[in-house]
Amino acid sequence: MCGIIGYVGGRKASEILYKGIRTLEYRGYDSVGMAIDTQKGIEVRKDKGSVDEVAAAMQFTSMDGSVGVSHSRWATHGVPCKENAHPHTDCTGKIAIVHNGVIENYQELGEALAKKGHKFSSETDSEIFAHMVEDEKKQGKDTFHAFLASLNKLKGSFAIALLAEGERRIYAARKNSPLVIGLGKGENFAASDMTAMLEHTKDFVPLGEMECAVLEPGGVKFYSLLDGKELKKTPMHVDWSPEMAEKGGYAHFMLKEIYDQKHFVYESLATDVSAANALISKSRDIHITACGTSYHAALMFKYLSSKYLGKTCDAVIASEYPFIASPDKDTLVIAISQSGETADTMKALEFAKEKGAKILALTNVVGSSITRVADEVVYLNSGPEVSVAATKTFTSQLAVVYKLLFPGNDFSEIPKIIADSLQKEVEIKKIAEMIKGKQDVFFIGRGLSVPIAMEGALKLKEISYIHAEAYPGGELKHGPLSLITEGVPVIALAPSDDSVYKMLGNIREVRARGGFVISLNNSSEIEKESNVSIKLSSVDPMLHPFAMVVPLQLLAYYVSVARGINPDRPRNLAKSVTVE
Ligand code: F6R
């Protein structure tokens, strides 16, 4: 879950890499480093801290040279510190590597290298790779063949970029971790995602599983890791602009992305889903699998399908899927993943595929891993999402879910519903002040509001660190009600639908125990019973989820900011979760 970028060309590599690694900082932000092949050999500068802090302290951009690699780390093996930061070098300092993923057999490989006299300077699983290549080279191989031979000994996952002194090349490879090659003119790039390269090129080749690439200024060659044979690749062109990945005047990416929703949801609603619809209508069973926020979109699929179409389907947390699901050749597995790289989701799909199921992927990232295992792909078209907390990709997922389930319906009202909800920003900021000091917050809803309550609770806990839980309203009396005491905030999602009177009952239950009710409603009855009320526009009840999710995103954002947290980078989390 780290960010990687490599550059080879005619320009000053350190400047390009510094900008690129800033864009990738959302992937990992505990330490940063850069290696440049300078006239005096490979120079490595790295330390614990944010990209800007380390770049300033280490003067990254004072390094001269036109080939290099950089890395932002999210620790898996070894604490965040200077020694464990990447790049790592071999014993001679002539090979530098950056790695994202987990090398599962690193201890065994490390012990064998240690016996041969290799000395390690970090606690990471990654460092051994530089020594492995060094070792293979000692046996007479050139760097390419040493790289290939070493990769074939690794178990686990990797996106790796390697720099060898004096070669003006970057060697890059992947297995179960994303790596995209960017094709420029007289220069080439490799990075964990396209956003880091958008300023320089819009032509990309995502590396496939067990593939590697050798980048030189004049061109890139692709190879299979299994047999070393050269591969032909067709680049794809992507229309995202670099501005789409910039903050555009907002204090944080998260706030920008919340506002982006009113535009990008148009794009998502315009997505062609006809081939996916055909797959859905042919399937006997449907399983939807995903993690985190994407799982809440999966639940919405399940709830909508059963409520409006009378068709039951299963929504299963991806990491649980192999343990509880029984797909077969008549099952369609719909995988929802904004990044398209989530390891848990990929594993669920591998399992489903082995059982003969068909796969439909909903993702935001063109060429991501999930698209390669899917029989059909629907792109969310939400533009790059940088903030760790998913916001606009969630509303895009919802828009696509609605299109898939109700192909004939007109959903042109949705962007306006989102825009109306955004108008609540000032009142939500005040509510954020009311709850910023609380220890626990509960979210309740019924029917279609349940997945949105779950999403509201997830968003709040992940970026404000306040404990937050969501329950179907009816469940309160079966246990959680004992936690409702004087002043405990309960956010009640109570729009005017067939559950509104039951929600009224739940609100009264909470008030009777001294709970502080903040309700989202469009009825005076609910408003009267609540301590604070956020009024929703009156829309088709089927579309209430769009009206409710935006205020909850804004609430999480403002509570986070009020508590002095950077909402774009919550502790312990990363944007693309490529480890199981
Ligand atoms: C929460 C969040 C995560 C992701 C989850 C799945 O704001 O972003 O819960 O939703 O890690 O990620 P994707 O959708 O990339 O598979």
# chains A, B, ... in the order shown; residues from 1 in each chain; ligands from 1
call {"tool": "residues_around", "arguments": {"residues": "Asp330 in chain A", "least_positions_apart": "4", "cutoff": "12 Å", "atoms": "only C-alpha atoms", "output": "list in words"}}
result
Leu279, Ile280, Ser281, Lys282, Ser283, Arg284, Asp285, Ile286, His287, Ser326, Ala352, Lys353, Lys355, Gly356, Ala357, Lys358 and Ile359 of chain A
call {"tool": "write_last_selection", "arguments": {"atoms": "C-alpha atoms", "output": "CSV table (one decimal), in the first residue's frame"}}
result
chain,number,residue,atom,x,y,z
A,279,LEU,CA,-25.2,-10.5,-18.0
A,280,ILE,CA,-27.5,-9.8,-15.1
A,281,SER,CA,-30.6,-10.9,-16.8
A,282,LYS,CA,-28.9,-14.2,-17.9
A,283,SER,CA,-27.8,-15.2,-14.3
A,284,ARG,CA,-29.7,-17.5,-12.0
A,285,ASP,CA,-28.0,-16.1,-8.8
A,286,ILE,CA,-26.3,-12.8,-8.1
A,287,HIS,CA,-23.7,-12.3,-5.4
A,326,SER,CA,-20.9,-21.1,-3.0
A,352,ALA,CA,-15.5,-17.3,-7.7
A,353,LYS,CA,-13.7,-17.7,-11.0
A,355,LYS,CA,-15.9,-22.2,-9.3
A,356,GLY,CA,-16.9,-21.1,-12.8
A,357,ALA,CA,-18.9,-18.0,-11.9
A,358,LYS,CA,-19.1,-15.0,-14.3
A,359,ILE,CA,-17.7,-11.7,-13.0
call {"tool": "residues_around", "arguments": {"residues": "Gly6 in chain A", "least_positions_apart": "3", "cutoff": "9 Å", "atoms": "only C-alpha atoms", "output": "count of residues only"}}
result
16
call {"tool": "closest_residue", "arguments": {"among": "A:Ser387, A:Asn572, A:Asn506, A:Thr485", "to": "ligand 1", "atoms": "only C-alpha atoms and all ligand atoms"}}
result
A:Ser387
call {"tool": "residues_around", "arguments": {"residues": "Lys459 in chain A", "least_positions_apart": "5", "cutoff": "12 Å", "atoms": "only C-alpha atoms", "output": "compact mmCIF listing (two decimals) with N, CA and C atoms, in the first residue's frame"}}
result
# COMPACT_ATOMS: atom_id res chain seq x y z
N MET A 254 -10.84 15.80 0.18
CA MET A 254 -12.14 15.20 0.53
C MET A 254 -13.27 16.19 0.26
N GLY A 292 -15.67 -2.32 2.70
CA GLY A 292 -15.81 -0.94 3.19
C GLY A 292 -16.97 -0.21 2.55
N THR A 293 -16.67 0.99 2.09
CA THR A 293 -17.70 1.81 1.45
C THR A 293 -18.32 1.10 0.26
N HIS A 296 -21.07 -1.02 1.07
CA HIS A 296 -22.36 -0.36 1.30
C HIS A 296 -23.10 -0.16 -0.02
N SER A 387 -8.52 11.59 -1.84
CA SER A 387 -8.72 11.46 -0.39
C SER A 387 -8.93 9.99 -0.05
N VAL A 388 -8.37 9.58 1.08
CA VAL A 388 -8.49 8.17 1.47
C VAL A 388 -9.95 7.76 1.62
N ALA A 389 -10.75 8.64 2.23
CA ALA A 389 -12.17 8.31 2.41
C ALA A 389 -12.91 8.41 1.08
N ALA A 390 -13.60 7.35 0.72
CA ALA A 390 -14.33 7.34 -0.56
C ALA A 390 -15.59 8.20 -0.42
N THR A 391 -15.80 9.11 -1.33
CA THR A 391 -17.03 9.92 -1.33
C THR A 391 -17.66 9.89 -2.72
N PHE A 394 -18.43 6.62 -4.20
CA PHE A 394 -19.61 5.94 -3.62
C PHE A 394 -20.88 6.38 -4.34
N VAL A 441 -21.03 7.92 18.57
CA VAL A 441 -22.16 8.44 17.80
C VAL A 441 -22.85 7.24 17.17
N PHE A 443 -25.83 5.77 14.46
CA PHE A 443 -26.59 6.08 13.25
C PHE A 443 -27.70 5.04 13.14
N ILE A 452 -26.93 3.44 4.07
CA ILE A 452 -26.44 4.83 4.12
C ILE A 452 -26.04 5.17 5.56
N ALA A 453 -26.80 4.65 6.54
CA ALA A 453 -26.41 4.86 7.95
C ALA A 453 -25.05 4.21 8.19
N MET A 454 -24.85 3.01 7.62
CA MET A 454 -23.56 2.31 7.78
C MET A 454 -22.44 3.13 7.15
N SER A 464 -12.59 10.84 11.87
CA SER A 464 -12.63 11.67 13.08
C SER A 464 -12.14 10.89 14.29
N TYR A 465 -12.02 9.56 14.15
CA TYR A 465 -11.60 8.65 15.23
C TYR A 465 -12.61 8.62 16.38
N ILE A 466 -13.83 9.08 16.11
CA ILE A 466 -14.90 8.93 17.12
C ILE A 466 -15.56 7.59 16.85
N HIS A 467 -15.84 6.85 17.91
CA HIS A 467 -16.49 5.55 17.74
C HIS A 467 -17.90 5.77 17.16
N ALA A 468 -18.20 5.13 16.06
CA ALA A 468 -19.51 5.30 15.42
C ALA A 468 -20.03 3.96 14.96
N GLU A 469 -21.31 3.71 15.23
CA GLU A 469 -21.94 2.44 14.82
C GLU A 469 -23.27 2.72 14.16
N ALA A 470 -23.65 1.86 13.25
CA ALA A 470 -24.96 2.01 12.60
C ALA A 470 -25.81 0.79 12.89
N VAL A 549 -26.70 10.80 1.81
CA VAL A 549 -25.28 10.47 1.97
C VAL A 549 -24.40 11.72 1.97
N VAL A 550 -24.77 12.74 1.20
CA VAL A 550 -23.92 13.93 1.09
C VAL A 550 -23.82 14.66 2.44
N PRO A 551 -24.95 14.94 3.15
CA PRO A 551 -24.80 15.56 4.49
C PRO A 551 -23.95 14.72 5.43
N LEU A 552 -24.03 13.41 5.32
CA LEU A 552 -23.24 12.57 6.24
C LEU A 552 -21.75 12.66 5.90
N GLN A 553 -21.44 12.76 4.62
CA GLN A 553 -20.03 12.94 4.22
C GLN A 553 -19.51 14.28 4.76
N LEU A 554 -20.34 15.34 4.59
CA LEU A 554 -19.92 16.67 5.05
C LEU A 554 -19.75 16.67 6.57
N LEU A 555 -20.63 15.97 7.26
CA LEU A 555 -20.55 15.92 8.72
C LEU A 555 -19.23 15.26 9.14
N ALA A 556 -18.91 14.12 8.54
CA ALA A 556 -17.66 13.43 8.88
C ALA A 556 -16.48 14.37 8.61
N TYR A 557 -16.52 15.04 7.46
CA TYR A 557 -15.43 15.94 7.08
C TYR A 557 -15.25 17.04 8.13
N TYR A 558 -16.36 17.71 8.50
CA TYR A 558 -16.22 18.85 9.41
C TYR A 558 -15.88 18.42 10.84
N VAL A 559 -16.34 17.24 11.26
CA VAL A 559 -15.95 16.76 12.59
C VAL A 559 -14.44 16.50 12.59
N SER A 560 -13.97 15.88 11.52
CA SER A 560 -12.54 15.59 11.40
C SER A 560 -11.71 16.88 11.49
N PRO A 567 -8.38 15.12 7.17
CA PRO A 567 -9.33 14.10 6.70
C PRO A 567 -8.84 13.33 5.48
N ASP A 568 -7.90 13.92 4.74
CA ASP A 568 -7.41 13.23 3.54
C ASP A 568 -6.51 12.05 3.89
N PRO A 570 -6.30 9.76 7.04
CA PRO A 570 -6.54 9.19 8.37
C PRO A 570 -5.45 8.20 8.75
call {"tool": "residues_around", "arguments": {"residues": "Arg174 in chain A", "least_positions_apart": "6", "cutoff": "8 Å", "atoms": "only C-alpha atoms", "output": "PDB file with C-alpha atoms, in the first residue's frame"}}
result
ATOM      1  CA  SER A 157       2.751  -9.483  -3.915  1.00  0.00           C
ATOM      2  CA  PHE A 158       4.914  -6.857  -5.488  1.00  0.00           C
ATOM      3  CA  ALA A 159       5.094  -3.769  -7.590  1.00  0.00           C
ATOM      4  CA  ILE A 160       8.803  -3.115  -7.895  1.00  0.00           C
ATOM      5  CA  LEU A 207       1.377  -3.917 -16.299  1.00  0.00           C
ATOM      6  CA  GLY A 208      -0.398  -7.266 -16.195  1.00  0.00           C
ATOM      7  CA  GLU A 209       0.033  -9.928 -13.546  1.00  0.00           C
ATOM      8  CA  MET A 210       3.560 -11.444 -13.610  1.00  0.00           C
ATOM      9  CA  GLU A 211       4.772  -8.987 -16.204  1.00  0.00           C
ATOM     10  CA  CYS A 212       7.742  -6.688 -16.251  1.00  0.00           C
TER      11      CYS A 212
END
call {"tool": "residues_near_ligand", "arguments": {"ligand": "ligand 1", "cutoff": "10 Å", "atoms": "only C-alpha atoms and all ligand atoms", "output": "PyMOL selection string"}}
result
chain A and resi 289-297+318+335-346+362-365+370+385+387-391+393-394+397+455-456+458-463+553+570+573-578
call {"tool": "residues_around", "arguments": {"residues": "Phe323 in chain A", "least_positions_apart": "6", "cutoff": "12 Å", "atoms": "only C-alpha atoms", "output": "PyMOL selection string"}}
result
chain A and resi 316-317+347-348+351-352
call {"tool": "write_last_selection", "arguments": {"atoms": "N, CA and C atoms", "output": "PDB file, in the first residue's frame"}}
result
ATOM      1  N   VAL A 316     -21.964  -9.857  -0.003  1.00  0.00           N
ATOM      2  CA  VAL A 316     -21.025 -10.525   0.905  1.00  0.00           C
ATOM      3  C   VAL A 316     -19.739  -9.703   0.997  1.00  0.00           C
ATOM      4  N   ILE A 317     -19.281  -9.454   2.216  1.00  0.00           N
ATOM      5  CA  ILE A 317     -17.984  -8.783   2.437  1.00  0.00           C
ATOM      6  C   ILE A 317     -16.912  -9.624   1.730  1.00  0.00           C
ATOM      7  N   LYS A 347      -9.204 -11.570  -4.216  1.00  0.00           N
ATOM      8  CA  LYS A 347      -9.188 -12.972  -3.749  1.00  0.00           C
ATOM      9  C   LYS A 347     -10.580 -13.581  -3.883  1.00  0.00           C
ATOM     10  N   ALA A 348     -11.613 -12.798  -3.539  1.00  0.00           N
ATOM     11  CA  ALA A 348     -12.991 -13.305  -3.654  1.00  0.00           C
ATOM     12  C   ALA A 348     -13.273 -13.659  -5.114  1.00  0.00           C
ATOM     13  N   PHE A 351     -11.574 -16.855  -6.238  1.00  0.00           N
ATOM     14  CA  PHE A 351     -12.330 -17.996  -5.723  1.00  0.00           C
ATOM     15  C   PHE A 351     -13.574 -18.230  -6.591  1.00  0.00           C
ATOM     16  N   ALA A 352     -14.309 -17.165  -6.896  1.00  0.00           N
ATOM     17  CA  ALA A 352     -15.542 -17.304  -7.682  1.00  0.00           C
ATOM     18  C   ALA A 352     -15.234 -17.817  -9.081  1.00  0.00           C
TER      19      ALA A 352
END
call {"tool": "select_by_dssp", "arguments": {"residues": "range 321-545 of chain A", "states": "strand (DSSP E or B)", "output": "number ranges by chain"}}
result
A: 331-337, 358-363, 376-379, 440-445, 467-472, 489-494, 516-521, 532-535
call {"tool": "select_by_dssp", "arguments": {"residues": "range 348-407 of chain A", "states": "helix (DSSP H, G or I)", "output": "PDB file with N, CA and C atoms, in the first residue's frame"}}
result
ATOM      1  N   ALA A 348     -11.613 -12.798  -3.539  1.00  0.00           N
ATOM      2  CA  ALA A 348     -12.991 -13.305  -3.654  1.00  0.00           C
ATOM      3  C   ALA A 348     -13.273 -13.659  -5.114  1.00  0.00           C
ATOM      4  N   LEU A 349     -12.774 -12.827  -6.023  1.00  0.00           N
ATOM      5  CA  LEU A 349     -13.031 -13.074  -7.442  1.00  0.00           C
ATOM      6  C   LEU A 349     -12.263 -14.289  -7.956  1.00  0.00           C
ATOM      7  N   GLU A 350     -11.042 -14.444  -7.474  1.00  0.00           N
ATOM      8  CA  GLU A 350     -10.265 -15.640  -7.861  1.00  0.00           C
ATOM      9  C   GLU A 350     -11.031 -16.892  -7.467  1.00  0.00           C
ATOM     10  N   PHE A 351     -11.574 -16.855  -6.238  1.00  0.00           N
ATOM     11  CA  PHE A 351     -12.330 -17.996  -5.723  1.00  0.00           C
ATOM     12  C   PHE A 351     -13.574 -18.230  -6.591  1.00  0.00           C
ATOM     13  N   ALA A 352     -14.309 -17.165  -6.896  1.00  0.00           N
ATOM     14  CA  ALA A 352     -15.542 -17.304  -7.682  1.00  0.00           C
ATOM     15  C   ALA A 352     -15.234 -17.817  -9.081  1.00  0.00           C
ATOM     16  N   LYS A 353     -14.140 -17.345  -9.644  1.00  0.00           N
ATOM     17  CA  LYS A 353     -13.746 -17.736 -11.000  1.00  0.00           C
ATOM     18  C   LYS A 353     -13.409 -19.229 -11.049  1.00  0.00           C
ATOM     19  N   GLU A 354     -12.689 -19.662 -10.034  1.00  0.00           N
ATOM     20  CA  GLU A 354     -12.356 -21.097  -9.962  1.00  0.00           C
ATOM     21  C   GLU A 354     -13.599 -21.971  -9.971  1.00  0.00           C
ATOM     22  N   SER A 369      -6.534  -4.063 -11.744  1.00  0.00           N
ATOM     23  CA  SER A 369      -6.464  -5.539 -11.684  1.00  0.00           C
ATOM     24  C   SER A 369      -7.827  -6.192 -11.860  1.00  0.00           C
ATOM     25  N   ILE A 370      -8.829  -5.607 -11.246  1.00  0.00           N
ATOM     26  CA  ILE A 370     -10.163  -6.207 -11.282  1.00  0.00           C
ATOM     27  C   ILE A 370     -10.696  -6.313 -12.718  1.00  0.00           C
ATOM     28  N   THR A 371     -10.291  -5.368 -13.553  1.00  0.00           N
ATOM     29  CA  THR A 371     -10.805  -5.373 -14.931  1.00  0.00           C
ATOM     30  C   THR A 371     -10.249  -6.557 -15.714  1.00  0.00           C
ATOM     31  N   ARG A 372      -9.125  -7.091 -15.226  1.00  0.00           N
ATOM     32  CA  ARG A 372      -8.500  -8.190 -15.959  1.00  0.00           C
ATOM     33  C   ARG A 372      -9.106  -9.539 -15.630  1.00  0.00           C
ATOM     34  N   VAL A 373      -9.765  -9.631 -14.499  1.00  0.00           N
ATOM     35  CA  VAL A 373     -10.387 -10.927 -14.186  1.00  0.00           C
ATOM     36  C   VAL A 373     -11.873 -10.909 -14.537  1.00  0.00           C
ATOM     37  N   LYS A 392     -16.978  10.545  -3.682  1.00  0.00           N
ATOM     38  CA  LYS A 392     -17.624  10.629  -4.998  1.00  0.00           C
ATOM     39  C   LYS A 392     -17.694   9.263  -5.675  1.00  0.00           C
ATOM     40  N   THR A 393     -16.748   8.394  -5.375  1.00  0.00           N
ATOM     41  CA  THR A 393     -16.850   7.074  -6.014  1.00  0.00           C
ATOM     42  C   THR A 393     -18.047   6.310  -5.445  1.00  0.00           C
ATOM     43  N   PHE A 394     -18.432   6.620  -4.197  1.00  0.00           N
ATOM     44  CA  PHE A 394     -19.606   5.942  -3.623  1.00  0.00           C
ATOM     45  C   PHE A 394     -20.884   6.383  -4.344  1.00  0.00           C
ATOM     46  N   THR A 395     -21.051   7.696  -4.534  1.00  0.00           N
ATOM     47  CA  THR A 395     -22.282   8.128  -5.233  1.00  0.00           C
ATOM     48  C   THR A 395     -22.273   7.631  -6.678  1.00  0.00           C
ATOM     49  N   SER A 396     -21.088   7.536  -7.266  1.00  0.00           N
ATOM     50  CA  SER A 396     -21.018   6.981  -8.630  1.00  0.00           C
ATOM     51  C   SER A 396     -21.394   5.505  -8.607  1.00  0.00           C
ATOM     52  N   GLN A 397     -20.924   4.789  -7.589  1.00  0.00           N
ATOM     53  CA  GLN A 397     -21.298   3.365  -7.475  1.00  0.00           C
ATOM     54  C   GLN A 397     -22.816   3.241  -7.349  1.00  0.00           C
ATOM     55  N   LEU A 398     -23.403   4.116  -6.505  1.00  0.00           N
ATOM     56  CA  LEU A 398     -24.859   4.073  -6.350  1.00  0.00           C
ATOM     57  C   LEU A 398     -25.544   4.344  -7.689  1.00  0.00           C
ATOM     58  N   ALA A 399     -25.061   5.377  -8.406  1.00  0.00           N
ATOM     59  CA  ALA A 399     -25.691   5.729  -9.688  1.00  0.00           C
ATOM     60  C   ALA A 399     -25.656   4.527 -10.637  1.00  0.00           C
ATOM     61  N   VAL A 400     -24.519   3.848 -10.681  1.00  0.00           N
ATOM     62  CA  VAL A 400     -24.384   2.695 -11.583  1.00  0.00           C
ATOM     63  C   VAL A 400     -25.281   1.540 -11.106  1.00  0.00           C
ATOM     64  N   VAL A 401     -25.346   1.344  -9.796  1.00  0.00           N
ATOM     65  CA  VAL A 401     -26.223   0.297  -9.246  1.00  0.00           C
ATOM     66  C   VAL A 401     -27.678   0.558  -9.673  1.00  0.00           C
ATOM     67  N   TYR A 402     -28.123   1.806  -9.548  1.00  0.00           N
ATOM     68  CA  TYR A 402     -29.502   2.143  -9.940  1.00  0.00           C
ATOM     69  C   TYR A 402     -29.708   1.877 -11.430  1.00  0.00           C
ATOM     70  N   LYS A 403     -28.708   2.246 -12.228  1.00  0.00           N
ATOM     71  CA  LYS A 403     -28.836   2.025 -13.685  1.00  0.00           C
ATOM     72  C   LYS A 403     -28.902   0.545 -14.016  1.00  0.00           C
ATOM     73  N   LEU A 404     -28.096  -0.232 -13.294  1.00  0.00           N
ATOM     74  CA  LEU A 404     -28.075  -1.673 -13.573  1.00  0.00           C
ATOM     75  C   LEU A 404     -29.412  -2.316 -13.219  1.00  0.00           C
ATOM     76  N   LEU A 405     -29.999  -1.862 -12.114  1.00  0.00           N
ATOM     77  CA  LEU A 405     -31.229  -2.509 -11.647  1.00  0.00           C
ATOM     78  C   LEU A 405     -32.473  -1.994 -12.363  1.00  0.00           C
TER      79      LEU A 405
END
call {"tool": "atom_distance", "arguments": {"atom1": "CA of Ala55 in chain A", "atom2": "CA of Gly78 in chain A"}}
result
21.7 Å
call {"tool": "closest_residue", "arguments": {"among": "A:Ser31, A:Ser224, A:Asn100, A:Ser537", "to": "Ala149 in chain A", "atoms": "only C-alpha atoms"}}
result
A:Ser224
call {"tool": "residues_around", "arguments": {"residues": "Gly9 in chain A", "least_positions_apart": "6", "cutoff": "8 Å", "atoms": "only C-alpha atoms", "output": "mmCIF file with all heavy atoms, in the first residue's frame"}}
result
data_model
loop_
_atom_site.group_PDB
_atom_site.id
_atom_site.type_symbol
_atom_site.label_atom_id
_atom_site.label_comp_id
_atom_site.auth_asym_id
_atom_site.auth_seq_id
_atom_site.Cartn_x
_atom_site.Cartn_y
_atom_site.Cartn_z
ATOM 1 N N SER A 66 19.007 12.061 -14.540
ATOM 2 C CA SER A 66 17.778 11.972 -15.330
ATOM 3 C C SER A 66 17.144 10.583 -15.254
ATOM 4 O O SER A 66 16.334 10.226 -16.111
ATOM 5 C CB SER A 66 18.074 12.363 -16.780
ATOM 6 O OG SER A 66 19.133 11.564 -17.252
ATOM 7 N N VAL A 67 17.511 9.830 -14.230
ATOM 8 C CA VAL A 67 16.840 8.553 -14.004
ATOM 9 C C VAL A 67 16.778 8.323 -12.492
ATOM 10 O O VAL A 67 17.741 8.593 -11.770
ATOM 11 C CB VAL A 67 17.536 7.386 -14.774
ATOM 12 C CG1 VAL A 67 19.021 7.376 -14.558
ATOM 13 C CG2 VAL A 67 16.974 6.029 -14.386
ATOM 14 N N GLY A 186 10.575 10.688 -25.564
ATOM 15 C CA GLY A 186 11.956 10.772 -25.079
ATOM 16 C C GLY A 186 12.067 10.560 -23.582
ATOM 17 O O GLY A 186 13.105 10.839 -22.970
ATOM 18 N N GLU A 187 10.988 10.107 -22.957
ATOM 19 C CA GLU A 187 11.004 9.838 -21.517
ATOM 20 C C GLU A 187 9.870 8.872 -21.197
ATOM 21 O O GLU A 187 8.875 8.815 -21.912
ATOM 22 C CB GLU A 187 10.821 11.135 -20.716
ATOM 23 C CG GLU A 187 9.541 11.880 -21.053
ATOM 24 C CD GLU A 187 9.421 13.220 -20.345
ATOM 25 O OE1 GLU A 187 10.373 13.653 -19.679
ATOM 26 O OE2 GLU A 187 8.342 13.837 -20.449
ATOM 27 N N ASN A 188 10.064 8.096 -20.153
ATOM 28 C CA ASN A 188 9.029 7.143 -19.757
ATOM 29 C C ASN A 188 8.944 7.062 -18.241
ATOM 30 O O ASN A 188 9.881 7.446 -17.526
ATOM 31 C CB ASN A 188 9.300 5.775 -20.385
ATOM 32 C CG ASN A 188 9.061 5.815 -21.886
ATOM 33 O OD1 ASN A 188 7.955 6.055 -22.333
ATOM 34 N ND2 ASN A 188 10.131 5.641 -22.674
ATOM 35 N N GLU A 216 13.433 2.746 -21.054
ATOM 36 C CA GLU A 216 14.578 3.568 -21.437
ATOM 37 C C GLU A 216 14.006 4.888 -21.941
ATOM 38 O O GLU A 216 12.805 4.946 -22.221
ATOM 39 C CB GLU A 216 15.379 2.874 -22.546
ATOM 40 C CG GLU A 216 16.014 1.588 -22.060
ATOM 41 C CD GLU A 216 16.862 0.904 -23.133
ATOM 42 O OE1 GLU A 216 16.809 1.340 -24.308
ATOM 43 O OE2 GLU A 216 17.568 -0.048 -22.777
ATOM 44 N N PRO A 217 14.810 5.929 -22.131
ATOM 45 C CA PRO A 217 14.222 7.191 -22.604
ATOM 46 C C PRO A 217 13.488 7.013 -23.940
ATOM 47 O O PRO A 217 12.429 7.586 -24.155
ATOM 48 C CB PRO A 217 15.430 8.120 -22.755
ATOM 49 C CG PRO A 217 16.447 7.560 -21.819
ATOM 50 C CD PRO A 217 16.232 6.076 -21.790
ATOM 51 N N GLY A 218 14.042 6.189 -24.825
ATOM 52 C CA GLY A 218 13.477 6.064 -26.170
ATOM 53 C C GLY A 218 12.362 5.039 -26.313
ATOM 54 O O GLY A 218 11.776 4.908 -27.394
#
call {"tool": "closest_residue", "arguments": {"among": "A:Lys232, A:His200, A:Lys256, A:Lys221", "to": "Lys19 in chain A", "atoms": "only C-alpha atoms"}}
result
A:His200
call {"tool": "atom_distance", "arguments": {"atom1": "CA of Gly447 in chain A", "atom2": "CA of Lys307 in chain A"}}
result
8.7 Å
call {"tool": "residues_around", "arguments": {"residues": "Ile431 in chain A", "least_positions_apart": "5", "cutoff": "10 Å", "atoms": "only C-alpha atoms", "output": "PyMOL selection string"}}
result
chain A and resi 425-426+436+518+532-534+555+558-559
call {"tool": "closest_residue", "arguments": {"among": "A:Lys424, A:Phe204, A:Thr76, A:Val214", "to": "Gly228 in chain A", "atoms": "only C-alpha atoms"}}
result
A:Val214
call {"tool": "atom_distance", "arguments": {"atom1": "CA of Thr61 in chain A", "atom2": "CA of Lys40 in chain A"}}
result
15.9 Å
